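One structure is given below, encoded as structure tokens.
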Amino acid sequence: MVTTLRERRDDPVETDEQFRASLRAFLSEHHPGRGPKDPTERLAWQKAWLATLFDAGYAGPSWPREFGGMELSFARQVIYQEEYAKARVPRPLGTGLGIAAPTIIKYGTAEQKQRFLRPMLRGDMVWAQGYSEPGAGSDLPALRTSARREGGDPDSPNAEYIVNGQKVWNSAADIADIIFTLVRTGPPGSRQDGISYLLIDVHAPGVTVRPLRDLTGDAHFCEIFFNDVRVPVANRIGAENGGWPLVRTSLGHERAAGAMNQAALYRRVLDELIELAHERGATADPLVRDRLADFEMRVWIMRLTGMRTIADIMAKGEPGPASSTSRLFIVTFEQDLHEFALDLLGCYGILGRRDPHAVQRGRWVWGFLRTRASTIGAGTAEIQRNTIAEQVLGLPRDPAMPDVRRSR
């Protein structure tokens, strides 16, 4: 029987390599096997794995222990992400763990932390983000989804918000239980000064979720409609009309969350791409070797940048605007990598996953199509560049763009 981390984590004499070995052993011995294809069965399979992680004390490497996390040191968070990616076990569901959780930990009440955090980490409740709107994507302060309060003052336990509006490009909303979303509680035109941060039950009357099919043929995104949805005031994080500082925390952690785990993931993916190049007999070409060397350097840069981001969060509590640099670096890298993979495949690069002649069941083609959206999600590449220019490099603001110091 593998000793759980809850029994070991306070051992002062355990070395980092002993921690790595014990984590690797746990992931190997408790590996859930290949997931079922049926969507309902697959969701149950993923939830069961997350519950196994939590119950054994191997969930939430950066989370405080009081909420069920591991509260690992910087070095061990890096080790955790590396071993988790290598193990090929199910990844967390939804977008709550890396985005909503840090916001609730920083701004939520004691009751909200107790009610939401542990079920989120264990996978009992799946969370999805509700920020973007059809008319307010990168210009987030222009959002129009409204929340009208009735039944009392902003802190009355009997008061409710009546929410109406639409959100779009919402990952995992079709399997979510909670939408953490932004709503307009101030008057029209109040922009960031009239935004509140609400948690909405997806199963509440008036909530409609519609999947959106993308280039891959799958539905990774959804659109959400709110029609007179009643939300208790107790589900507001922070003050009424005071949601903008929370947004900045969420966005910073959203961009930072992908830094280290993406570095670990793409270490494995690049190794598999190198194997593909060998299989295709392409490694004799010096241009191919040059591209692979370039990807190797970029994976190392990604890893080092992720480590720096984690260090900043541990030191300051926030990733800061520099998280935009890692986000922009990752999304351009994954697009370049999959474009190169299709070049290696030649004419096989037009065969999708359902074609019997597809190489590796069409995974590289699927990845190419999937990463077309990479430079749009979590803030477009253009917005990231403006954030970097203004907040990191100190350059003058682009007058043609929304003020990123007050928006993204």
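Residue numbering restarts at 1 in every chain; chains get A, B, ... in the order shown in the structure tokens, and ligands count up from 1 in that same order.
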
Legend entry - Who sits within 8 Å of Asp201 of chain A, only C-alpha atoms, same chain under 4 positions skipped, as a ChimeraX atom specification: /A:177-179,231

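Residues surrounding segment 146-156 of chain A within 9 Å are Leu143, Arg144, Asn158, Ala159, Glu160, Tyr161, Ile162, Val163, Asn164, Gly165, Val183, Arg184, Thr185, Gly186, Ser196, Val229, Val231, Val233, Ala234, Ala239 and Glu240 of chain A [only C-alpha atoms; sequence separation below 2 positions excluded].
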
So that each row is one residue of segment 54-146 of chain A with an atom at most 12 Å from segment 368-386 of chain A, can you give its shortest atom pair and the distance in Å to one decimal, using only C-alpha atoms, rows by chain and rising number, as a Markdown table?
| residue | atom | partner | partner_atom | distance |
| --- | --- | --- | --- | --- |
| A:Thr95 | CA | A:Ala378 | CA | 11.1 |
| A:Ile99 | CA | A:Ala378 | CA | 10.8 |
| A:Gln129 | CA | A:Ala378 | CA | 10.3 |
| A:Gly130 | CA | A:Ala378 | CA | 11.5 |
| A:Tyr131 | CA | A:Ala378 | CA | 9.7 |
| A:Ser132 | CA | A:Ala378 | CA | 9.4 |
| A:Ala136 | CA | A:Gly379 | CA | 11.6 |
| A:Gly137 | CA | A:Gly379 | CA | 8.1 |
| A:Ser138 | CA | A:Gly379 | CA | 6.1 |
| A:Asp139 | CA | A:Ile383 | CA | 9.3 |
| A:Leu140 | CA | A:Gly379 | CA | 9.7 |

Legend entry - Residue list (strand (DSSP E or B), DSSP) for segment 222-342 of chain A, as a list in words: Cys222, Glu223, Ile224, Phe225, Phe226, Asn227, Asp228, Val229, Arg230, Val231, Pro232, Arg236 and Ile237 of chain A

Inset, instruction - Tell me which of A:Arg298, A:Arg291, A:Arg268, A:Arg327 sits closest to Glu339 of chain A, counting only C-alpha atoms. - result: A:Arg291

Legend entry - Point-to-point distance in Å for atom CA of Ile175 of chain A and atom CA of Phe226 of chain A: 16.7 Å

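We find atom CA of Val331 of chain A and atom CA of Glu275 of chain A to be spaced 22.4 Å apart.
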
Legend entry - A:Met297, A:Ile350, A:Ala75, A:Leu345 ranked by distance to His278 of chain A, top pick (using only C-alpha atoms): A:Leu345

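Closest to Tyr266 of chain A among A:Arg230, A:His338, A:Arg210, A:Arg354 is A:His338, based on only C-alpha atoms.
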
Legend entry - For Ala315 of chain A, the nearest of the candidates A:Val365, A:Leu287, A:Phe19, A:Phe74, counting only C-alpha atoms: A:Phe74
